[in-house]
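Q: This is final36.cif (mmCIF, C-alpha atoms and all ligand atoms).
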```cif
data_target
#
loop_
_atom_site.label_atom_id
_atom_site.label_comp_id
_atom_site.auth_asym_id
_atom_site.auth_seq_id
_atom_site.Cartn_x
_atom_site.Cartn_y
_atom_site.Cartn_z
CA MET A 1 -36.88 166.55 33.70
CA GLN A 2 -36.60 163.50 35.96
CA ALA A 3 -33.50 162.53 37.93
CA LEU A 4 -32.38 158.93 37.52
CA ALA A 5 -32.53 158.39 41.28
CA GLU A 6 -36.21 159.41 41.34
CA LEU A 7 -37.32 156.81 38.80
CA ASP A 8 -38.92 153.63 40.03
CA LEU A 9 -36.70 151.29 38.06
CA PRO A 10 -36.88 147.52 37.76
CA TYR A 11 -33.94 145.67 39.34
CA LEU A 12 -32.13 143.01 37.30
CA PRO A 13 -30.08 140.23 38.98
CA VAL A 14 -27.71 140.23 35.99
CA GLU A 15 -24.93 138.30 37.70
CA THR A 16 -27.01 135.23 38.54
CA GLU A 17 -27.01 131.93 36.62
CA GLU A 18 -30.78 132.15 36.17
CA PHE A 19 -30.40 135.51 34.46
CA ALA A 20 -27.65 134.28 32.10
CA ALA A 21 -29.89 131.37 31.08
CA ASP A 22 -32.73 133.61 29.91
CA PRO A 23 -32.03 137.37 29.93
CA VAL A 24 -34.76 138.11 27.36
CA ARG A 25 -37.44 137.01 29.85
CA TYR A 26 -36.02 139.34 32.54
CA PHE A 27 -35.71 142.29 30.16
CA ASN A 28 -39.25 141.79 28.83
CA ALA A 29 -40.56 141.80 32.40
CA ALA A 30 -38.47 144.92 33.16
CA LYS A 31 -40.00 146.76 30.17
CA VAL A 32 -43.39 146.66 31.87
CA GLN A 33 -42.03 148.82 34.71
CA HIS A 34 -39.81 151.08 32.59
CA PRO A 35 -39.51 150.98 28.78
CA TRP A 36 -35.77 151.49 28.30
CA ILE A 37 -33.67 151.48 31.48
CA ALA A 38 -33.24 149.11 34.43
CA GLU A 39 -30.86 149.02 37.39
CA SER A 40 -28.52 146.34 38.70
CA ASP A 41 -25.69 145.98 41.21
CA ILE A 42 -23.13 146.88 38.52
CA GLY A 43 -24.80 149.83 36.80
CA PHE A 44 -27.81 150.75 34.68
CA PHE A 45 -28.88 148.67 31.70
CA ILE A 46 -30.23 150.34 28.56
CA HIS A 47 -32.30 147.66 26.86
CA GLU A 48 -34.67 149.15 24.33
CA TYR A 49 -33.43 148.87 20.72
CA THR A 50 -34.13 152.50 19.76
CA ALA A 51 -32.73 153.86 23.06
CA ILE A 52 -29.50 151.89 22.50
CA ARG A 53 -29.20 153.23 18.95
CA GLU A 54 -29.95 156.82 19.89
CA LEU A 55 -27.57 156.85 22.85
CA LEU A 56 -24.69 155.00 21.18
CA LEU A 57 -24.81 157.49 18.33
CA GLN A 58 -24.05 160.12 21.00
CA ASP A 59 -20.98 158.17 22.08
CA ASP A 60 -18.99 161.43 22.31
CA LYS A 61 -20.89 162.15 25.52
CA MET A 62 -19.68 158.85 27.00
CA ARG A 63 -16.44 157.09 27.65
CA PRO A 64 -15.83 153.35 27.62
CA ALA A 65 -16.08 151.99 31.14
CA TYR A 66 -13.27 149.43 31.10
CA ASP A 67 -11.41 151.45 33.76
CA GLY A 68 -14.52 151.05 35.94
CA ILE A 69 -14.37 147.30 35.45
CA ILE A 70 -10.67 147.23 36.40
CA GLU A 71 -11.46 149.32 39.45
CA GLN A 72 -14.31 147.01 40.52
CA MET A 73 -12.08 143.97 39.92
CA GLY A 74 -9.22 145.51 41.97
CA ALA A 75 -6.77 144.99 39.09
CA ARG A 76 -5.37 148.51 38.72
CA GLY A 77 -1.58 148.54 38.17
CA THR A 78 -1.38 144.92 36.96
CA PRO A 79 -0.29 144.15 33.36
CA TRP A 80 -3.84 142.99 32.49
CA GLY A 81 -5.28 146.09 34.19
CA ARG A 82 -2.93 148.36 32.24
CA PHE A 83 -3.80 146.65 28.95
CA THR A 84 -7.53 146.82 29.61
CA GLU A 85 -7.35 150.52 30.40
CA GLU A 86 -5.14 151.33 27.40
CA GLN A 87 -6.50 148.99 24.69
CA LEU A 88 -7.93 150.65 21.56
CA ILE A 89 -11.49 150.57 22.82
CA SER A 90 -10.66 152.22 26.18
CA LEU A 91 -8.49 155.09 24.98
CA PRO A 92 -9.47 158.72 25.53
CA ALA A 93 -11.31 160.18 22.50
CA GLU A 94 -8.35 161.77 20.71
CA LYS A 95 -5.95 158.87 21.13
CA HIS A 96 -8.69 156.49 20.03
CA ARG A 97 -9.46 158.57 16.94
CA PHE A 98 -5.77 158.65 15.95
CA LEU A 99 -5.31 154.91 16.32
CA ARG A 100 -8.63 154.01 14.74
CA ASP A 101 -8.10 156.38 11.79
CA THR A 102 -4.65 154.88 11.25
CA PHE A 103 -6.02 151.35 10.84
CA ALA A 104 -9.75 151.51 10.03
CA ALA A 105 -9.39 152.06 6.26
CA LYS A 106 -7.63 148.69 5.94
CA PHE A 107 -10.51 146.66 7.39
CA THR A 108 -12.64 146.61 4.29
CA PRO A 109 -15.04 143.98 2.92
CA ARG A 110 -12.40 143.42 0.21
CA PHE A 111 -9.72 142.54 2.79
CA ALA A 112 -12.17 140.16 4.49
CA ASN A 113 -13.09 138.55 1.15
CA GLN A 114 -9.42 137.86 0.41
CA LEU A 115 -9.32 135.78 3.58
CA ARG A 116 -12.21 133.51 2.61
CA PRO A 117 -10.12 130.71 1.02
CA MET A 118 -8.03 130.56 4.20
CA MET A 119 -11.21 130.47 6.32
CA ARG A 120 -12.66 127.66 4.18
CA GLN A 121 -9.49 125.65 4.57
CA THR A 122 -9.47 126.15 8.34
CA ILE A 123 -13.05 125.02 8.88
CA SER A 124 -12.57 122.11 6.49
CA GLU A 125 -9.51 120.88 8.42
CA LEU A 126 -11.35 121.22 11.72
CA LEU A 127 -14.26 119.20 10.37
CA ASP A 128 -11.83 116.51 9.15
CA GLU A 129 -10.51 116.26 12.68
CA TRP A 130 -13.74 116.56 14.67
CA THR A 131 -16.44 114.75 12.68
CA PRO A 132 -15.38 111.07 12.29
CA SER A 133 -16.81 109.95 15.66
CA GLY A 134 -20.27 111.38 14.99
CA ARG A 135 -20.25 113.24 18.34
CA MET A 136 -18.67 116.50 19.51
CA ASP A 137 -19.00 119.45 21.77
CA PHE A 138 -19.83 121.90 19.01
CA GLU A 139 -18.78 124.89 21.11
CA GLU A 140 -15.33 123.41 21.58
CA MET A 141 -14.91 122.68 17.88
CA ALA A 142 -16.20 126.17 17.02
CA SER A 143 -13.70 127.76 19.39
CA TYR A 144 -10.80 126.50 17.26
CA PHE A 145 -12.14 128.25 14.16
CA PRO A 146 -11.52 131.96 14.94
CA ILE A 147 -8.31 131.24 16.81
CA SER A 148 -6.88 129.09 14.00
CA ASN A 149 -7.75 131.82 11.50
CA MET A 150 -6.07 134.41 13.71
CA PHE A 151 -2.97 132.24 14.05
CA THR A 152 -2.73 131.95 10.26
CA LEU A 153 -3.33 135.68 9.88
CA VAL A 154 -0.39 136.59 12.11
CA GLY A 155 1.88 133.64 11.26
CA ALA A 156 1.87 132.30 14.83
CA PRO A 157 3.16 128.76 15.61
CA ARG A 158 0.19 126.39 15.53
CA GLU A 159 1.45 124.29 18.44
CA GLU A 160 0.65 127.25 20.69
CA ILE A 161 -3.05 127.29 19.75
CA PRO A 162 -4.26 125.21 22.76
CA ALA A 163 -2.42 127.38 25.31
CA ILE A 164 -3.59 130.64 23.75
CA ARG A 165 -7.13 129.28 23.39
CA SER A 166 -7.10 128.60 27.10
CA SER A 167 -5.91 132.19 27.73
CA LEU A 168 -8.68 133.58 25.56
CA GLU A 169 -11.28 131.48 27.37
CA THR A 170 -10.10 132.96 30.66
CA LEU A 171 -9.94 136.52 29.34
CA GLY A 172 -13.45 136.11 27.88
CA LEU A 173 -14.73 135.57 31.41
CA ALA A 174 -12.79 138.52 32.81
CA PHE A 175 -15.67 140.99 32.50
CA SER A 176 -18.09 138.78 34.35
CA MET A 177 -16.77 140.62 37.40
CA ASP A 178 -15.64 137.60 39.44
CA LYS A 179 -12.54 138.59 41.44
CA ASN A 180 -11.73 134.95 42.18
CA ARG A 181 -10.68 134.62 38.58
CA LEU A 182 -7.93 137.27 38.88
CA PRO A 183 -4.89 134.94 39.26
CA GLU A 184 -5.81 132.97 36.13
CA ILE A 185 -6.68 136.19 34.26
CA HIS A 186 -3.19 137.58 34.97
CA GLU A 187 -1.53 134.36 33.84
CA ALA A 188 -3.69 134.22 30.70
CA TYR A 189 -2.88 137.81 29.77
CA GLU A 190 0.85 137.34 30.24
CA ARG A 191 0.86 134.28 27.97
CA LEU A 192 -0.84 136.29 25.23
CA GLU A 193 1.44 139.29 25.69
CA ASP A 194 4.46 137.01 25.44
CA LEU A 195 3.22 135.48 22.16
CA VAL A 196 2.47 138.87 20.61
CA GLN A 197 5.83 140.36 21.59
CA ARG A 198 7.62 137.35 20.07
CA LEU A 199 5.57 137.60 16.86
CA ILE A 200 6.39 141.27 16.41
CA ALA A 201 10.09 140.83 17.26
CA ASN A 202 10.46 137.84 14.88
CA ARG A 203 8.66 139.59 12.04
CA ARG A 204 10.73 142.73 12.42
CA ALA A 205 13.96 140.73 12.61
CA ASN A 206 13.07 138.59 9.61
CA PRO A 207 10.27 140.15 7.53
CA GLU A 208 10.79 137.94 4.47
CA ALA A 209 10.08 134.80 6.54
CA GLY A 210 6.44 135.93 7.02
CA ASN A 211 3.55 136.42 4.62
CA PRO A 212 3.82 140.04 3.39
CA ASP A 213 0.02 140.20 2.90
CA ASP A 214 -1.05 138.89 6.27
CA LEU A 215 -2.68 140.74 9.14
CA LEU A 216 0.56 141.01 11.13
CA ALA A 217 2.32 142.68 8.18
CA LEU A 218 -0.67 144.98 7.68
CA LEU A 219 -0.70 146.02 11.34
CA ILE A 220 3.08 146.48 11.63
CA ASN A 221 3.41 148.39 8.34
CA THR A 222 0.37 150.58 8.94
CA GLY A 223 1.57 151.23 12.49
CA ASP A 224 5.04 152.23 11.25
CA GLU A 225 3.62 154.54 8.57
CA GLY A 226 1.40 156.20 11.19
CA ASN A 227 4.17 156.43 13.84
CA VAL A 228 2.20 154.31 16.24
CA ASP A 229 3.94 153.70 19.55
CA PRO A 230 5.30 150.09 19.86
CA ARG A 231 3.35 149.52 23.07
CA GLN A 232 0.11 150.56 21.34
CA LEU A 233 0.85 148.33 18.37
CA ALA A 234 1.37 145.31 20.63
CA ASP A 235 -1.82 146.19 22.54
CA LEU A 236 -3.73 146.36 19.28
CA ILE A 237 -2.57 142.91 18.19
CA ILE A 238 -3.41 141.48 21.62
CA PHE A 239 -6.81 143.14 21.33
CA PHE A 240 -7.43 141.51 17.93
CA PHE A 241 -6.87 138.08 19.47
CA ILE A 242 -9.35 138.82 22.25
CA ALA A 243 -11.96 140.78 20.24
CA GLY A 244 -12.39 138.12 17.58
CA TYR A 245 -12.40 135.00 19.75
CA ASP A 246 -15.48 134.38 21.88
CA THR A 247 -17.55 136.86 19.92
CA SER A 248 -17.20 134.71 16.77
CA LYS A 249 -17.26 131.38 18.60
CA ASN A 250 -20.37 132.23 20.63
CA VAL A 251 -22.34 133.44 17.60
CA LEU A 252 -21.43 130.35 15.56
CA THR A 253 -22.36 128.08 18.47
CA TYR A 254 -25.68 129.81 18.99
CA ALA A 255 -26.52 129.70 15.27
CA MET A 256 -25.93 125.94 15.35
CA PHE A 257 -28.03 125.60 18.50
CA LYS A 258 -30.89 127.48 16.87
CA MET A 259 -30.71 125.40 13.71
CA LEU A 260 -30.88 122.09 15.60
CA ASP A 261 -34.63 122.82 15.66
CA ARG A 262 -34.67 124.22 12.15
CA PRO A 263 -33.33 121.56 9.79
CA ASP A 264 -34.92 123.45 6.88
CA ILE A 265 -32.64 126.46 7.46
CA TYR A 266 -29.64 124.23 8.21
CA GLU A 267 -30.00 122.24 4.98
CA ARG A 268 -30.45 125.40 2.93
CA CYS A 269 -27.23 126.84 4.41
CA GLY A 270 -25.30 123.83 3.15
CA ALA A 271 -26.78 124.18 -0.32
CA ASP A 272 -26.79 127.96 -0.74
CA HIS A 273 -23.73 130.06 0.10
CA GLU A 274 -25.58 133.34 -0.48
CA TYR A 275 -28.43 132.35 1.85
CA CYS A 276 -25.85 131.98 4.64
CA ARG A 277 -25.43 135.77 4.58
CA LYS A 278 -29.05 136.16 5.64
CA VAL A 279 -28.64 133.50 8.31
CA VAL A 280 -25.61 135.38 9.67
CA GLU A 281 -27.60 138.63 9.96
CA GLU A 282 -30.60 136.92 11.55
CA SER A 283 -28.32 135.00 13.94
CA LEU A 284 -26.70 138.27 15.02
CA ARG A 285 -30.13 139.83 15.60
CA TYR A 286 -31.32 136.83 17.56
CA PHE A 287 -28.17 136.32 19.57
CA ASN A 288 -24.90 138.13 20.12
CA PRO A 289 -22.56 138.21 23.11
CA GLY A 290 -22.19 141.97 23.64
CA SER A 291 -23.10 144.18 26.57
CA VAL A 292 -21.20 147.39 25.93
CA PRO A 293 -20.10 149.30 29.06
CA ARG A 294 -19.86 153.10 29.17
CA PHE A 295 -19.64 155.92 31.71
CA ALA A 296 -21.56 159.13 31.08
CA ALA A 297 -18.68 161.60 30.49
CA GLU A 298 -21.04 164.52 31.14
CA ASP A 299 -24.64 164.95 32.28
CA ILE A 300 -26.79 163.45 29.53
CA VAL A 301 -30.47 164.25 29.19
CA PHE A 302 -32.22 161.47 27.34
CA ARG A 303 -35.99 161.31 26.90
CA ASP A 304 -36.34 163.84 29.68
CA VAL A 305 -34.29 161.75 32.13
CA LEU A 306 -31.00 163.07 33.52
CA LEU A 307 -28.21 160.48 33.40
CA PRO A 308 -25.63 162.19 35.63
CA LYS A 309 -21.93 162.34 34.73
CA ASP A 310 -20.08 159.15 35.78
CA THR A 311 -23.20 156.94 35.71
CA MET A 312 -22.24 153.47 34.52
CA LEU A 313 -24.38 152.37 31.60
CA TRP A 314 -24.50 148.98 29.90
CA PHE A 315 -25.87 148.76 26.37
CA THR A 316 -27.43 145.34 25.86
CA LEU A 317 -26.72 144.71 22.19
CA ASN A 318 -27.22 141.03 22.96
CA ILE A 319 -30.97 141.21 23.59
CA SER A 320 -31.68 144.32 21.46
CA GLY A 321 -32.94 142.14 18.60
CA HIS A 322 -35.74 140.77 20.78
CA ASP A 323 -37.34 144.15 21.34
CA PRO A 324 -41.03 143.73 20.51
CA GLY A 325 -41.30 147.50 19.93
CA THR A 326 -38.97 147.21 16.92
CA PHE A 327 -39.09 143.64 15.64
CA GLU A 328 -42.26 141.94 14.54
CA ASP A 329 -42.62 138.57 16.22
CA PRO A 330 -39.03 138.83 17.56
CA GLU A 331 -38.85 135.24 18.83
CA ARG A 332 -39.34 133.89 15.30
CA PHE A 333 -35.94 132.97 13.78
CA ASP A 334 -36.46 133.92 10.17
CA PRO A 335 -33.46 134.65 7.92
CA ASP A 336 -35.88 135.84 5.20
CA ARG A 337 -37.38 138.58 7.36
CA PRO A 338 -37.18 141.97 5.57
CA ILE A 339 -34.59 144.30 7.12
CA ALA A 340 -35.34 148.04 7.14
CA PRO A 341 -32.14 150.14 7.53
CA GLU A 342 -33.34 151.58 10.84
CA LYS A 343 -33.98 148.05 12.16
CA ARG A 344 -30.68 146.38 11.34
CA GLN A 345 -29.12 144.16 13.95
CA ILE A 346 -26.59 146.09 16.08
CA ALA A 347 -24.38 143.23 17.28
CA PHE A 348 -21.29 145.15 16.10
CA SER A 349 -22.34 148.27 18.02
CA LEU A 350 -22.68 151.72 16.47
CA GLY A 351 -20.74 154.94 16.41
CA LYS A 352 -17.04 155.47 16.88
CA HIS A 353 -16.27 152.05 18.41
CA MET A 354 -18.22 150.02 15.87
CA CYS A 355 -16.46 146.70 15.35
CA LEU A 356 -13.41 146.96 13.09
CA GLY A 357 -13.51 143.21 12.48
CA GLN A 358 -17.16 143.06 11.38
CA TYR A 359 -16.45 142.08 7.76
CA ILE A 360 -13.97 139.45 8.88
CA ALA A 361 -16.50 138.17 11.43
CA ARG A 362 -19.30 138.00 8.86
CA ALA A 363 -17.08 136.21 6.32
CA GLN A 364 -15.97 133.65 8.92
CA LEU A 365 -19.54 132.93 9.96
CA GLN A 366 -20.78 132.67 6.40
CA GLU A 367 -18.04 130.26 5.34
CA ALA A 368 -18.57 128.10 8.44
CA LEU A 369 -22.36 128.03 8.07
CA HIS A 370 -22.01 126.90 4.46
CA LEU A 371 -19.52 124.08 5.06
CA ILE A 372 -20.72 122.68 8.40
CA PRO A 373 -24.11 121.36 7.12
CA GLN A 374 -22.29 119.63 4.26
CA ARG A 375 -20.16 117.66 6.73
CA ILE A 376 -22.34 117.34 9.85
CA ARG A 377 -25.57 115.70 8.72
CA ASN A 378 -28.73 115.50 10.81
CA PRO A 379 -27.28 117.04 14.03
CA ARG A 380 -29.14 116.40 17.31
CA LEU A 381 -28.63 117.71 20.82
CA ALA A 382 -26.83 114.96 22.77
CA GLY A 383 -26.58 116.23 26.34
CA GLU A 384 -26.72 119.22 28.64
CA TYR A 385 -25.64 122.73 27.73
CA GLY A 386 -25.16 125.73 29.99
CA TRP A 387 -24.64 129.48 29.79
CA ARG A 388 -21.62 131.73 30.19
CA PRO A 389 -21.91 134.52 32.74
CA TYR A 390 -23.80 137.67 31.85
CA PRO A 391 -22.84 140.45 31.06
CA GLY A 392 -19.32 139.32 29.92
CA ALA A 393 -18.85 137.64 26.57
CA TRP A 394 -22.18 135.89 27.02
CA GLY A 395 -23.23 132.73 25.22
CA LEU A 396 -23.68 128.98 25.39
CA LYS A 397 -21.35 126.92 27.52
CA GLY A 398 -21.01 123.59 25.78
CA LEU A 399 -23.20 122.25 22.98
CA PRO A 400 -22.95 118.44 22.84
CA ILE A 401 -24.30 117.08 19.57
CA GLU A 402 -24.41 113.80 17.70
CA PHE A 403 -24.78 113.52 13.96
CA THR A 404 -24.05 111.51 10.85
CA PRO A 405 -20.61 112.40 9.45
CA ALA A 406 -20.64 113.02 5.71
C1 LIG B 1 -19.40 137.94 15.60
C2 LIG B 1 -18.23 138.44 15.97
C3 LIG B 1 -18.03 139.80 16.58
C4 LIG B 1 -18.89 140.57 17.31
C5 LIG B 1 -20.33 140.26 17.70
C6 LIG B 1 -18.17 141.78 17.67
C7 LIG B 1 -18.71 142.82 18.40
C8 LIG B 1 -18.04 144.00 18.69
C9 LIG B 1 -18.62 145.10 19.45
C10 LIG B 1 -20.00 145.10 20.06
C11 LIG B 1 -17.69 146.09 19.51
C12 LIG B 1 -17.84 147.46 20.18
C13 LIG B 1 -17.61 147.39 21.66
C14 LIG B 1 -17.83 148.72 22.32
O1 LIG B 1 -18.41 149.63 21.72
O2 LIG B 1 -17.44 148.86 23.51
C15 LIG B 1 -16.52 145.62 18.81
C16 LIG B 1 -15.36 146.35 18.66
C17 LIG B 1 -14.23 145.86 18.04
N1 LIG B 1 -14.08 144.65 17.42
FE1 LIG B 1 -15.51 143.23 17.19
N2 LIG B 1 -16.90 141.71 17.16
C18 LIG B 1 -16.77 140.52 16.49
C19 LIG B 1 -15.64 140.06 15.85
C20 LIG B 1 -14.47 140.75 15.72
C21 LIG B 1 -13.30 140.28 15.01
C22 LIG B 1 -13.22 138.93 14.27
C23 LIG B 1 -12.34 141.23 15.15
C24 LIG B 1 -10.93 141.26 14.60
C25 LIG B 1 -10.50 140.50 13.65
C26 LIG B 1 -12.90 142.33 15.92
C27 LIG B 1 -12.25 143.49 16.25
C28 LIG B 1 -12.81 144.55 16.92
C29 LIG B 1 -12.10 145.79 17.23
C30 LIG B 1 -10.65 146.11 16.87
C31 LIG B 1 -12.99 146.61 17.94
C32 LIG B 1 -12.71 147.98 18.58
C33 LIG B 1 -13.10 149.14 17.72
C34 LIG B 1 -12.87 150.49 18.39
O3 LIG B 1 -12.89 150.62 19.61
O4 LIG B 1 -12.66 151.44 17.64
N3 LIG B 1 -14.18 141.99 16.26
N4 LIG B 1 -16.76 144.36 18.31
#
```
Would you put the structure from the file into structure tokens?
A:
Amino acid sequence: MQALAELDLPYLPVETEEFAADPVRYFNAAKVQHPWIAESDIGFFIHEYTAIRELLLQDDKMRPAYDGIIEQMGARGTPWGRFTEEQLISLPAEKHRFLRDTFAAKFTPRFANQLRPMMRQTISELLDEWTPSGRMDFEEMASYFPISNMFTLVGAPREEIPAIRSSLETLGLAFSMDKNRLPEIHEAYERLEDLVQRLIANRRANPEAGNPDDLLALLINTGDEGNVDPRQLADLIIFFFIAGYDTSKNVLTYAMFKMLDRPDIYERCGADHEYCRKVVEESLRYFNPGSVPRFAAEDIVFRDVLLPKDTMLWFTLNISGHDPGTFEDPERFDPDRPIAPEKRQIAFSLGKHMCLGQYIARAQLQEALHLIPQRIRNPRLAGEYGWRPYPGAWGLKGLPIEFTPA
């Protein structure tokens, strides 16, 4: 057996702008030196598709590393630090299992399908507002889609969307490990906490004023039936705002970016609702924002390498779909590529923390990808775009386009 410290591992400058602009190139170069693990200043990166799958399916031997991030950011004891350490995804195994088991059964494909008319209306209204000039920052438009859906789902006042969007933008950058951002992170978190507490208090005081079938009702009622602590319920609702925001926005933005060079796929999306499902899966293989952080909770021996207890590991879901060992011609964007079960995209992670919102996320993306090409004709890149920091909620920063409004 080899000790981690004895391996001659490639070093990845993950926090640099150059890295965020093209991580696949860095990971491909790293594979030459070691096939599945690399080191960085913030922990070890597991980058091979099969290694990620095999290790994440042993998630019981690991614990989410959000407390490590709070420690590194120096945010322990702050409201945002408390939330980050106690949110659903960070809880110790038993507490997590209780909370997840209480809610998971409700997040079915059927529930997501019921939300499709609302999603269609949201994207249609956004396109009404954003398309007349024939120019837009697509990323900015896309950012209003998941947040507007979430606001409808919890009956929140729409005039607060811009302020909460700004909070979610800030919180999305929180895990890029930049301490200078702490004052704005704290302010952003407190704005979100305030909204969620008001929503819960108003709904409890006046249940008949809200939609009895919406997400807020589902979370409050399910929480009450399961005797969930009020603090945990509020944390869960806050977490839903955060978990569904830049994940969905970044994937939609990247899918659009990719299709700027593939008008054939773009046109077919507009014409064929069912085809959009395939485009969603291929988009999630090709791009997704996630780098999942974990600590080894015990010594783990993997492929004859000892990963000692408390080693910080990052699972790079975001580039896993580019692994040449698993995917044939991985740089080819091909929604018609056959998908074997053992080679499915893993953008929603695997194991006990697998995304609870995955059916909602897929439905949102599918509805948007179907309607956008009907309303934004012949889109072209119309300026510079950049990249959000890696390894946070990674993705494009800005996507200026011009087009013919339909
Ligand atoms: C394309 C969009 C999305 C992507 C790529 C995505 C990705 C992920 C990933 C990778 C995880 C696991 C993180 C980990 O293991 O540490 C996760 C967890 C989670 N996601 Fe998503 N997500 C998306 C959208 C959503 C939406 C829309 C919601 C809610 C409506 C949501 C709610 C959640 C929740 C509650 C968890 C925590 C599950 C647990 O810890 O048991 N996500 N998501």
Q: With all atoms listed in the file as the basis for distance, which of A:Val32, A:Ile401, A:Val280, A:Leu218 is at the shortest distance from ligand LIG 1 (chain B)?
A: A:Val280
Q: Please extract the residues at most 7 Å from ligand LIG 1 (chain B), counting all atoms listed in the file, and provide them as a short mmCIF file (atom, residue, chain, number, x, y, z; two decimals) with C-alpha atoms, keeping the file's coordinate frame, using the chain letters and residue numbers of this document.
A:
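Saved result, out10.cif, follows:
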```cif
data_model
loop_
_atom_site.label_atom_id
_atom_site.label_comp_id
_atom_site.auth_asym_id
_atom_site.auth_seq_id
_atom_site.Cartn_x
_atom_site.Cartn_y
_atom_site.Cartn_z
CA PRO A 64 -15.83 153.35 27.62
CA LEU A 88 -7.93 150.65 21.56
CA ILE A 89 -11.49 150.57 22.82
CA HIS A 96 -8.69 156.49 20.03
CA ARG A 100 -8.63 154.01 14.74
CA PHE A 239 -6.81 143.14 21.33
CA PHE A 240 -7.43 141.51 17.93
CA ALA A 243 -11.96 140.78 20.24
CA GLY A 244 -12.39 138.12 17.58
CA TYR A 245 -12.40 135.00 19.75
CA THR A 247 -17.55 136.86 19.92
CA SER A 248 -17.20 134.71 16.77
CA VAL A 251 -22.34 133.44 17.60
CA ASN A 288 -24.90 138.13 20.12
CA PRO A 289 -22.56 138.21 23.11
CA GLY A 290 -22.19 141.97 23.64
CA VAL A 292 -21.20 147.39 25.93
CA PRO A 293 -20.10 149.30 29.06
CA ALA A 347 -24.38 143.23 17.28
CA PHE A 348 -21.29 145.15 16.10
CA SER A 349 -22.34 148.27 18.02
CA LYS A 352 -17.04 155.47 16.88
CA HIS A 353 -16.27 152.05 18.41
CA MET A 354 -18.22 150.02 15.87
CA CYS A 355 -16.46 146.70 15.35
CA LEU A 356 -13.41 146.96 13.09
CA GLY A 357 -13.51 143.21 12.48
CA GLN A 358 -17.16 143.06 11.38
CA ILE A 360 -13.97 139.45 8.88
CA ALA A 361 -16.50 138.17 11.43
CA ARG A 362 -19.30 138.00 8.86
#
```
Q: With 4 Å added on each side, what axis-aligned box encloses every listed atom of stretch 191-203 of chain A? Give the centre and edge lengths in Å to one decimal, as JSON.
A:
```
{"center_x": 4.8, "center_y": 137.8, "center_z": 20.0, "size_x": 19.3, "size_y": 15.0, "size_z": 23.9}
```
Q: Please, what distance in Å, to one decimal, runs between atom CA of A:Asp214 and atom CA of A:Asn113?
A: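 Atom CA of A:Asn113 lies 13.1 Å from atom CA of A:Asp214.
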Q: For atom CA of A:Gln197 and atom CA of A:Gly226, quote the distance in Å rounded to one decimal.
A: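 Separation of atom CA of A:Gln197 and atom CA of A:Gly226: 19.5 Å.
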Q: Using all atoms listed in the file, which of A:Arg268, A:Arg377, A:Arg332, A:His34 sits nearest A:His47?
A: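 Closest candidate: A:His34.
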Q: Residues within 10 Å of stretch 315-324 of chain A, please, as a ChimeraX atom specification. Count only C-alpha atoms; anything in the same chain fewer than 5 positions from it doesn't count.
A: /A:23-25,27-28,31,37,44-53,55-56,282-294,329-332,343-350,391,393-395
Q: Store the residues picked out above in a file with C-alpha atoms, as a short mmCIF file (atom, residue, chain, number, x, y, z; two decimals), keeping the file's coordinate frame.
A:
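New file again34.cif:
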```
data_model
loop_
_atom_site.label_atom_id
_atom_site.label_comp_id
_atom_site.auth_asym_id
_atom_site.auth_seq_id
_atom_site.Cartn_x
_atom_site.Cartn_y
_atom_site.Cartn_z
CA PRO A 23 -32.03 137.37 29.93
CA VAL A 24 -34.76 138.11 27.36
CA ARG A 25 -37.44 137.01 29.85
CA PHE A 27 -35.71 142.29 30.16
CA ASN A 28 -39.25 141.79 28.83
CA LYS A 31 -40.00 146.76 30.17
CA ILE A 37 -33.67 151.48 31.48
CA PHE A 44 -27.81 150.75 34.68
CA PHE A 45 -28.88 148.67 31.70
CA ILE A 46 -30.23 150.34 28.56
CA HIS A 47 -32.30 147.66 26.86
CA GLU A 48 -34.67 149.15 24.33
CA TYR A 49 -33.43 148.87 20.72
CA THR A 50 -34.13 152.50 19.76
CA ALA A 51 -32.73 153.86 23.06
CA ILE A 52 -29.50 151.89 22.50
CA ARG A 53 -29.20 153.23 18.95
CA LEU A 55 -27.57 156.85 22.85
CA LEU A 56 -24.69 155.00 21.18
CA GLU A 282 -30.60 136.92 11.55
CA SER A 283 -28.32 135.00 13.94
CA LEU A 284 -26.70 138.27 15.02
CA ARG A 285 -30.13 139.83 15.60
CA TYR A 286 -31.32 136.83 17.56
CA PHE A 287 -28.17 136.32 19.57
CA ASN A 288 -24.90 138.13 20.12
CA PRO A 289 -22.56 138.21 23.11
CA GLY A 290 -22.19 141.97 23.64
CA SER A 291 -23.10 144.18 26.57
CA VAL A 292 -21.20 147.39 25.93
CA PRO A 293 -20.10 149.30 29.06
CA ARG A 294 -19.86 153.10 29.17
CA ASP A 329 -42.62 138.57 16.22
CA PRO A 330 -39.03 138.83 17.56
CA GLU A 331 -38.85 135.24 18.83
CA ARG A 332 -39.34 133.89 15.30
CA LYS A 343 -33.98 148.05 12.16
CA ARG A 344 -30.68 146.38 11.34
CA GLN A 345 -29.12 144.16 13.95
CA ILE A 346 -26.59 146.09 16.08
CA ALA A 347 -24.38 143.23 17.28
CA PHE A 348 -21.29 145.15 16.10
CA SER A 349 -22.34 148.27 18.02
CA LEU A 350 -22.68 151.72 16.47
CA PRO A 391 -22.84 140.45 31.06
CA ALA A 393 -18.85 137.64 26.57
CA TRP A 394 -22.18 135.89 27.02
CA GLY A 395 -23.23 132.73 25.22
#
```
Q: Quick one: of A:Gln232, A:Thr16, A:Gln33, A:Ser148, who's nearest to A:Ser176, counting all atoms listed in the file?
A: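 Counting all atoms listed in the file, the residue closest to A:Ser176 is A:Thr16.
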